[in-house]
Each structure stands twice: as structure tokens, then as C-alpha cells.
file work22.cif (mmCIF, C-alpha atoms)
data_start
#
loop_
_atom_site.label_atom_id
_atom_site.label_comp_id
_atom_site.auth_asym_id
_atom_site.auth_seq_id
_atom_site.Cartn_x
_atom_site.Cartn_y
_atom_site.Cartn_z
CA MET A 3 -9.57 17.75 8.72
CA TYR A 4 -11.80 15.29 6.95
CA SER A 5 -13.99 16.38 4.09
CA LEU A 6 -17.04 14.38 3.10
CA LEU A 7 -16.60 12.01 0.21
CA VAL A 8 -19.78 11.77 -1.84
CA THR A 9 -21.16 8.73 -3.63
CA LYS A 10 -24.03 8.75 -6.07
CA LYS A 11 -24.82 5.78 -8.28
CA ASN A 12 -21.26 4.46 -7.90
CA GLU A 13 -19.75 7.81 -8.96
CA VAL A 14 -17.27 9.41 -6.58
CA LYS A 15 -15.62 12.72 -5.84
CA ARG A 16 -12.07 12.94 -4.55
CA SER A 17 -11.50 14.78 -1.27
CA ASN A 18 -9.14 17.78 -1.42
CA ASN A 19 -8.39 17.38 2.29
CA PHE A 20 -7.95 13.64 2.43
CA VAL A 21 -6.05 12.60 5.55
CA ILE A 22 -3.97 9.75 4.11
CA PRO A 23 -0.73 10.92 2.50
CA SER A 24 -0.81 9.77 -1.10
CA GLY A 25 1.60 6.88 -1.55
CA ALA A 26 2.50 6.67 2.15
CA PRO A 27 4.54 3.51 2.82
CA LEU A 28 2.55 2.75 5.99
CA TYR A 29 -1.15 3.48 6.42
CA GLY A 30 -1.17 2.45 10.08
CA THR A 31 -3.80 4.10 12.27
CA TYR A 32 -5.62 5.56 9.26
CA ILE A 33 -7.51 2.26 9.03
CA THR A 34 -8.98 2.97 12.46
CA ASP A 35 -9.83 6.52 11.39
CA TYR A 36 -11.67 5.22 8.35
CA ILE A 37 -13.64 2.66 10.34
CA SER A 38 -14.59 4.97 13.22
CA SER A 39 -15.18 8.33 11.51
CA GLY A 40 -18.76 9.22 10.74
CA HIS A 41 -17.56 11.17 7.70
CA PHE A 42 -17.05 7.91 5.80
CA THR A 43 -20.35 6.23 6.69
CA GLU A 44 -21.77 6.61 3.17
CA ILE A 45 -18.64 5.07 1.68
CA ARG A 46 -18.73 2.10 4.04
CA VAL A 47 -22.38 1.52 3.24
CA MET A 48 -21.64 1.66 -0.49
CA PHE A 49 -18.81 -0.86 -0.16
CA ASN A 50 -20.91 -3.34 1.84
CA LYS A 51 -24.33 -3.04 0.21
CA GLU A 52 -25.36 -6.34 -1.39
CA GLN A 53 -26.10 -5.25 -4.95
CA PHE A 54 -24.49 -7.73 -7.38
CA SER A 55 -25.86 -11.08 -8.53
CA VAL A 56 -23.84 -14.10 -9.69
CA ALA A 57 -24.55 -13.00 -13.25
CA SER A 58 -22.83 -9.68 -12.47
CA THR A 59 -19.56 -11.51 -11.77
CA ASP A 60 -19.26 -12.52 -15.44
CA ILE A 61 -18.09 -15.90 -14.12
CA ALA A 62 -19.90 -19.20 -14.70
CA TYR A 63 -22.23 -20.31 -11.89
CA ARG A 64 -20.53 -23.72 -11.69
CA LEU A 65 -17.11 -22.04 -11.30
CA ILE A 66 -18.40 -19.88 -8.45
CA ASN A 67 -19.65 -23.08 -6.80
CA TYR A 68 -16.29 -24.76 -7.37
CA TRP A 69 -14.39 -21.85 -5.81
CA ASP A 70 -16.76 -21.95 -2.84
CA GLU A 71 -16.17 -25.68 -2.36
CA ASN A 72 -12.41 -25.00 -2.23
CA GLY A 73 -12.69 -22.21 0.34
CA LEU A 74 -11.89 -19.32 -1.99
CA LEU A 75 -15.02 -17.18 -1.63
CA PRO A 76 -15.40 -14.70 1.24
CA ASP A 77 -16.73 -16.33 4.40
CA SER A 78 -19.63 -13.87 4.36
CA VAL A 79 -20.90 -15.20 1.03
CA ARG A 80 -23.66 -17.77 1.44
CA LYS A 81 -26.34 -19.44 -0.60
CA ASN A 82 -29.98 -18.99 0.26
CA ALA A 83 -32.87 -21.31 -0.59
CA ARG A 84 -33.06 -19.89 -4.13
CA GLY A 85 -29.31 -19.91 -4.81
CA TRP A 86 -26.60 -17.35 -4.22
CA ARG A 87 -27.51 -14.13 -2.45
CA LYS A 88 -26.20 -10.86 -3.83
CA PHE A 89 -22.59 -9.74 -3.38
CA SER A 90 -21.18 -6.46 -2.07
CA VAL A 91 -18.49 -4.35 -3.75
CA VAL A 92 -15.91 -5.78 -1.32
CA GLU A 93 -16.91 -9.37 -2.10
CA MET A 94 -17.03 -8.71 -5.83
CA ALA A 95 -13.55 -7.16 -5.74
CA TRP A 96 -12.14 -10.30 -4.11
CA ILE A 97 -13.90 -12.51 -6.67
CA ARG A 98 -12.26 -10.48 -9.45
CA ILE A 99 -8.87 -10.92 -7.75
CA ILE A 100 -9.45 -14.69 -7.60
CA LYS A 101 -10.07 -14.65 -11.35
CA HIS A 102 -6.83 -12.75 -11.98
CA PHE A 103 -4.87 -15.18 -9.80
CA ARG A 104 -6.39 -18.11 -11.73
CA ASP A 105 -5.64 -16.42 -15.07
CA PHE A 106 -1.98 -16.45 -13.98
CA GLY A 107 -2.24 -20.13 -13.08
CA VAL A 108 -2.11 -19.77 -9.28
CA PRO A 109 -3.33 -23.07 -7.72
CA LEU A 110 -6.54 -23.04 -5.70
CA GLU A 111 -4.81 -24.03 -2.46
CA LYS A 112 -2.43 -21.06 -2.71
CA ILE A 113 -5.29 -18.65 -3.37
CA ALA A 114 -7.07 -20.06 -0.30
CA ARG A 115 -3.94 -19.35 1.73
CA ALA A 116 -3.57 -15.84 0.28
CA LYS A 117 -7.18 -15.16 1.21
CA LYS A 118 -6.27 -15.45 4.91
CA GLY A 119 -3.92 -12.47 4.58
CA ILE A 120 -5.92 -10.36 2.15
CA MET A 121 -9.45 -10.99 3.41
CA ARG A 122 -8.94 -10.69 7.16
CA ARG A 123 -12.37 -10.69 8.74
CA ASP A 124 -13.54 -8.12 11.29
CA GLY A 125 -16.85 -9.47 12.55
CA ASN A 126 -19.06 -9.77 9.48
CA LEU A 127 -16.93 -7.37 7.43
CA TYR A 128 -13.47 -7.17 5.82
CA ARG A 129 -12.37 -3.78 7.07
CA LYS A 130 -8.72 -3.93 6.01
CA PHE A 131 -9.53 -4.98 2.44
CA GLU A 132 -12.36 -2.44 2.36
CA PHE A 133 -9.96 0.27 3.54
CA TYR A 134 -7.41 -0.52 0.82
CA LEU A 135 -10.19 -0.33 -1.78
CA PHE A 136 -11.07 3.04 -0.26
CA VAL A 137 -7.44 4.20 -0.66
CA ALA A 138 -7.47 3.04 -4.30
CA LEU A 139 -10.66 4.98 -4.93
CA PHE A 140 -9.89 8.28 -3.23
CA THR A 141 -6.12 8.82 -3.38
CA ASN A 142 -3.38 8.79 -6.01
CA ALA A 143 -1.93 5.63 -4.46
CA ASP A 144 -2.83 2.33 -6.11
CA PRO A 145 -2.56 -0.43 -3.48
CA TYR A 146 -2.04 -4.06 -4.43
CA ALA A 147 -3.30 -7.48 -3.46
CA VAL A 148 -0.08 -9.49 -3.40
CA ILE A 149 0.62 -13.23 -3.41
CA LEU A 150 4.08 -14.72 -2.97
CA ALA A 151 5.34 -17.97 -4.46
CA ASP A 152 4.44 -19.94 -1.32
CA GLY A 153 0.87 -18.61 -1.30
CA THR A 154 1.36 -15.95 1.38
CA GLY A 155 -0.98 -13.06 0.61
CA ASP A 156 -1.45 -9.52 1.86
CA LEU A 157 -2.41 -5.96 0.94
CA THR A 158 0.32 -3.42 0.36
CA SER A 159 1.10 0.08 -0.88
CA PRO A 160 3.30 0.97 -3.89
CA ALA A 161 6.06 2.20 -1.56
CA GLU A 162 6.02 -1.08 0.37
CA ILE A 163 6.34 -2.97 -2.93
CA GLU A 164 9.43 -0.88 -3.69
CA LEU A 165 10.94 -1.64 -0.28
CA PHE A 166 10.17 -5.35 -0.63
CA ARG A 167 11.95 -5.46 -3.97
CA ILE A 168 15.04 -3.89 -2.40
CA VAL A 169 15.16 -6.11 0.69
CA GLN A 170 14.07 -9.35 -1.03
CA GLU A 171 15.80 -9.07 -4.39
CA HIS A 172 15.08 -12.63 -5.51
CA SER A 173 11.56 -13.12 -4.13
CA ASP A 174 8.88 -13.54 -6.77
CA MET A 175 5.45 -12.02 -6.28
CA LEU A 176 2.23 -11.45 -8.18
CA ALA A 177 0.70 -8.04 -7.47
CA ILE A 178 -2.84 -7.16 -8.58
CA PRO A 179 -3.56 -3.38 -8.50
CA LEU A 180 -6.87 -2.51 -6.86
CA ARG A 181 -7.89 0.48 -9.00
CA PRO A 182 -8.47 -1.67 -12.12
CA ILE A 183 -10.29 -4.20 -9.93
CA LEU A 184 -12.76 -1.51 -8.85
CA LYS A 185 -13.27 -0.56 -12.50
CA GLU A 186 -14.05 -4.20 -13.31
CA VAL A 187 -16.64 -4.21 -10.52
CA GLY A 188 -18.28 -1.18 -12.15
CA ILE A 189 -17.06 1.64 -9.90
CA ALA A 190 -16.16 4.90 -11.66
CA VAL A 191 -12.57 5.49 -10.53
CA PRO A 192 -11.06 8.99 -11.08
CA ASP A 193 -7.93 9.20 -13.19
CA VAL A 194 -4.68 10.08 -11.42
CA ALA A 195 -1.33 11.52 -12.44
CA PRO A 196 1.34 8.77 -12.42
CA SER A 197 3.97 11.18 -11.06
CA SER A 198 2.11 11.53 -7.76
CA PHE A 199 1.99 7.88 -6.73
CA ILE A 200 4.76 8.35 -4.14
CA ASP A 201 4.76 11.27 -1.69
CA GLU A 202 7.80 13.25 -0.54
CA LYS A 203 8.69 10.81 2.24
CA GLY A 204 8.47 7.88 -0.14
CA ARG A 205 10.70 9.63 -2.68
CA VAL A 206 13.32 10.55 -0.05
CA LEU A 207 13.34 6.98 1.28
CA ARG A 208 13.58 5.50 -2.21
CA ASP A 209 16.42 7.86 -3.22
CA SER A 210 18.29 7.16 0.03
CA LEU A 211 18.10 3.41 -0.50
CA TYR A 212 19.39 3.64 -4.06
CA GLN A 213 22.00 6.40 -3.56
CA GLN A 214 25.49 5.14 -4.23
CA GLY A 215 27.82 5.37 -1.22
CA ASN A 216 25.15 5.08 1.48
CA LYS A 217 26.10 2.22 3.77
CA GLU A 218 23.10 2.49 6.10
CA VAL A 219 19.59 3.95 6.05
CA ARG A 220 17.52 4.24 9.25
CA VAL A 221 13.85 5.19 9.39
CA LYS A 222 12.21 6.51 12.56
CA LEU A 223 8.45 6.10 12.87
CA HIS A 224 5.85 7.68 15.13
CA ASN A 225 2.32 6.28 15.03
CA ASN A 226 3.29 4.48 11.80
CA GLU A 227 4.30 7.76 10.13
CA ILE A 228 7.82 8.39 8.83
CA ARG A 229 9.22 11.21 10.97
CA GLU A 230 12.95 10.96 10.19
CA ILE A 231 15.22 9.32 7.62
CA GLU A 232 18.90 9.05 8.55
CA THR A 233 21.53 8.10 6.00
CA THR A 234 25.13 7.15 6.74
CA LYS A 235 27.67 7.69 4.00
CA VAL A 236 31.45 7.18 3.98
CA GLU A 237 33.63 9.42 1.82
CA PRO A 238 36.79 7.80 0.38
CA GLN A 239 40.44 8.39 1.31
CA ASN A 240 41.92 11.90 1.40
CA PRO A 241 38.55 13.60 1.89
CA HIS A 242 38.26 17.35 1.47
CA LEU A 243 36.70 18.17 4.82
CA HIS A 244 36.12 21.85 4.06
CA GLU A 245 34.18 21.09 0.85
CA ILE A 246 32.06 18.45 2.58
CA THR A 247 31.29 20.84 5.45
CA GLN A 248 30.18 23.53 3.00
CA GLN A 249 27.93 21.07 1.18
CA ILE A 250 26.27 20.04 4.45
CA LYS A 251 25.73 23.68 5.44
CA ALA A 252 24.20 24.46 2.05
CA SER A 253 21.76 21.55 2.36
CA ARG A 254 20.61 22.80 5.80
CA ALA A 255 20.59 19.18 6.92
CA PHE A 256 20.76 17.80 10.46
CA GLY A 257 23.48 15.30 11.30
CA GLU A 258 27.08 14.75 12.26
CA VAL A 259 30.47 14.26 10.61
CA THR A 260 33.16 11.91 11.94
CA THR A 261 36.71 12.05 10.53
CA ARG A 262 39.12 9.10 10.79
CA PHE A 263 42.84 9.97 10.89
CA GLU A 264 45.95 7.86 10.38
CA GLY A 265 49.30 9.42 11.19
CA GLY A 266 47.66 12.80 11.43
CA VAL A 267 46.27 12.51 7.91
CA PRO A 268 42.47 12.34 7.33
CA GLN A 269 41.66 9.00 5.71
CA SER A 270 37.86 8.95 5.54
CA ILE A 271 34.80 10.81 6.68
CA GLU A 272 31.56 9.25 7.90
CA ILE A 273 28.56 11.51 7.35
CA LYS A 274 25.23 10.97 9.10
CA GLU A 275 22.53 13.14 7.59
CA ARG A 276 19.01 13.35 9.02
CA ARG A 277 15.94 14.47 7.10
CA GLN A 278 13.05 15.26 9.44
CA PHE A 279 9.37 15.49 8.53
CA LYS A 280 6.45 17.20 10.21
CA LYS A 281 3.42 15.29 11.35
CA ASP A 282 0.87 14.64 8.59
CA HIS A 283 -2.43 16.48 8.95
#

call {"tool": "encode", "arguments": {"input": "work22.cif", "output": "C-alpha cells"}}
result
Amino acid sequence: MYSLLVTKKNEVKRSNNFVIPSGAPLYGTYITDYISSGHFTEIRVMFNKEQFSVASTDIAYRLINYWDENGLLPDSVRKNARGWRKFSVVEMAWIRIIKHFRDFGVPLEKIARAKKGIMRRDGNLYRKFEFYLFVALFTNADPYAVILADGTGDLTSPAEIELFRIVQEHSDMLAIPLRPILKEVGIAVPDVAPSSFIDEKGRVLRDSLYQQGNKEVRVKLHNNEIREIETTKVEPQNPHLHEITQQIKASRAFGEVTTRFEGGVPQSIEIKERRQFKKDH
């Protein structure tokens, strides 16, 4: 059940019944929920209201012009007869991200490429980027705007960053957290407890990936939600089948145990353990 999130002069209240699991690896259909639900109308209006001038960016006018000439500014940003029109929170957040990328020495052409992944346009708006700013503002998760060495850019959650690091051990990336970006824009962002960045599913998945002895980890999804995590582990030679069986019973886990014999002697045991999760509400 949604609860109304209130804005007043850029101050916000966190929802106690927020529908997005904090730190969920995949946000999936929640983007559609955010866009279509009338409960978030005030938030969407706040994000897209044109309320900031060029002076508010704290960036030189000539530099804003230069970025525009190189295709870095949002496509929705235009000059009028008297100069630049005002910017929205969404547009200002992207401008701050550009500045951070430039502070790290990222070339203009790579930022322009990253923009295609981060600032995907939905009509006249940037709903995906807006949604990730919304997540940063109202949950304990702190999403990132990420750029890879080749200029590929996208938006991602902390859990996805963790998975990327595991799968792509040697891939460099620059990740800009969105909560500090909102603070730079002037939005009052509530403080969060660092220990709650990853929810139970994220912790189980992380621990399964790092656990010594696991040779395979499978994740089953339903509507982009993690519903089951299956780990496959092989015990070494001369396994004590009775002890392993007792451990599995004590854990109340789902799964199966396969024993390999040679000459009538057990040589190894393959254990598949399944951890199932209920649907998020």
C-alpha cells in the first residue's frame, strides 16, 4: 500500500510503507508504478518544476554554453530570447553529474555517450532518471549514475554495483551517488543508516556469491523480483553424510543432496540449497 510522500519547500518526509524494497537489486516494474500512481503526483511535479536559473548551477555561463554545444545538456534544456530558461531538479541533477564527471577528467565525448544511457527520454521527461532520484530521496538505497571506461553510462542500484564487481572483476567504472547530488541541488535529503543499504535478498545473494565452496549460484526472478536463490556446493572426499543431513534439517532449507560413490565408498556430496522469498508488498 502506498502512503503519500509530502513535499514542502523542498523538504521531504520518508514513507513508512514505501513499496520499493530498500536496496533491491532490480527495481523493475516499480518505475511504472511511480509514473502511473496518483500518490506520487506532487513528487513528480516537484522534480520537473522549472525553478533554477543558470546562476543556481554555480557553473560559469560560458561553460554551460560549451557543454550545450557538445551535446551534454538535457535535450529539454533550451535557450529563450533572453537567454537560458530555468532548469528543473532533474535537469540540475544531471548538470551536477556532468561537473563531477569533468572533475574526474572524463572527456566530453564520453559524457555525451553516457548521457544516452542515464538520461533516457520519455516524451518531454526523463522518467527513469527521475525515478532513481526518487529512490535516492525516499529509501535507504543510494543509486548511482555510472560511466564505464568506454563511455557507456547507466543508472544502477548498490546491489547491482556489487554484482558487477563480482562478474566483471577487472572493469573500471566511475560511480556518482545520487543522494549527494540531490543535496548539491538544494534538496533536503533525510539521513539513513548505512547498515540498511542492502535488504535481506541482497544480503543472501551477496553472501552466496562470496561463500567459499559454492560452485554455482542461480537466481529465479518473477516480475523482476528475486523469488529464489539456489546455491550448489560440493563437499570434499569422505563426506560425513549424517552430519550434513542434520545441518540441512536444522537450517529448514529446501533442496536436494546427491552422493557420488566409488567402490561403494562415498567420495563427495553435491548439495543444492534453495532459499525462497515471499512476494514484496

call {"tool": "residues_around", "arguments": {"input": "work22.cif", "residues": "Arg123 (chain A)", "least_positions_apart": "2", "cutoff": "12 Å", "atoms": "all atoms listed in the file", "output": "ChimeraX atom specification"}}
result
/A:76-78,92-93,117-121,125-132

call {"tool": "closest_residue", "arguments": {"input": "work22.cif", "among": "A:Glu186, A:Glu245, A:Glu275, A:Asp60", "to": "Glu258 (chain A)", "atoms": "all atoms listed in the file"}}
result
A:Glu275

call {"tool": "atom_distance", "arguments": {"input": "work22.cif", "atom1": "CA of Leu74 (chain A)", "atom2": "CA of Leu110 (chain A)"}}
result
7.5 Å

call {"tool": "residues_around", "arguments": {"input": "work22.cif", "residues": "region 67-69 of chain A", "least_positions_apart": "4", "cutoff": "12 Å", "atoms": "only C-alpha atoms", "output": "ChimeraX atom specification"}}
result
/A:56,61-63,73-77,79-81,85-86,96-97,100-101,104,109-111,113-114

call {"tool": "resolve_selection", "arguments": {"input": "work22.cif", "expression": "the PyMOL selection byres ((chain A and resi 88) around 8)", "output": "list in words"}}
result
Glu52, Gln53, Phe54, Ser55, Val56, Trp86, Arg87, Phe89 and Ser90 of chain A

call {"tool": "resolve_selection", "arguments": {"input": "work22.cif", "expression": "the PyMOL selection byres ((chain A and resi 133) around 12)", "output": "PyMOL selection string"}}
result
chain A and resi 22+29-38+42+45-46+49-50+92+120-122+124+127-132+134-141+145+157-159+180

call {"tool": "atom_distance", "arguments": {"input": "work22.cif", "atom1": "CA of Met48 (chain A)", "atom2": "CA of Ile178 (chain A)"}}
result
22.3 Å

call {"tool": "closest_residue", "arguments": {"input": "work22.cif", "among": "A:Lys281, A:Pro192, A:Val236, A:Pro182", "to": "Gln269 (chain A)", "atoms": "only C-alpha atoms"}}
result
A:Val236

call {"tool": "atom_distance", "arguments": {"input": "work22.cif", "atom1": "CA of Met94 (chain A)", "atom2": "CA of Ile183 (chain A)"}}
result
9.1 Å
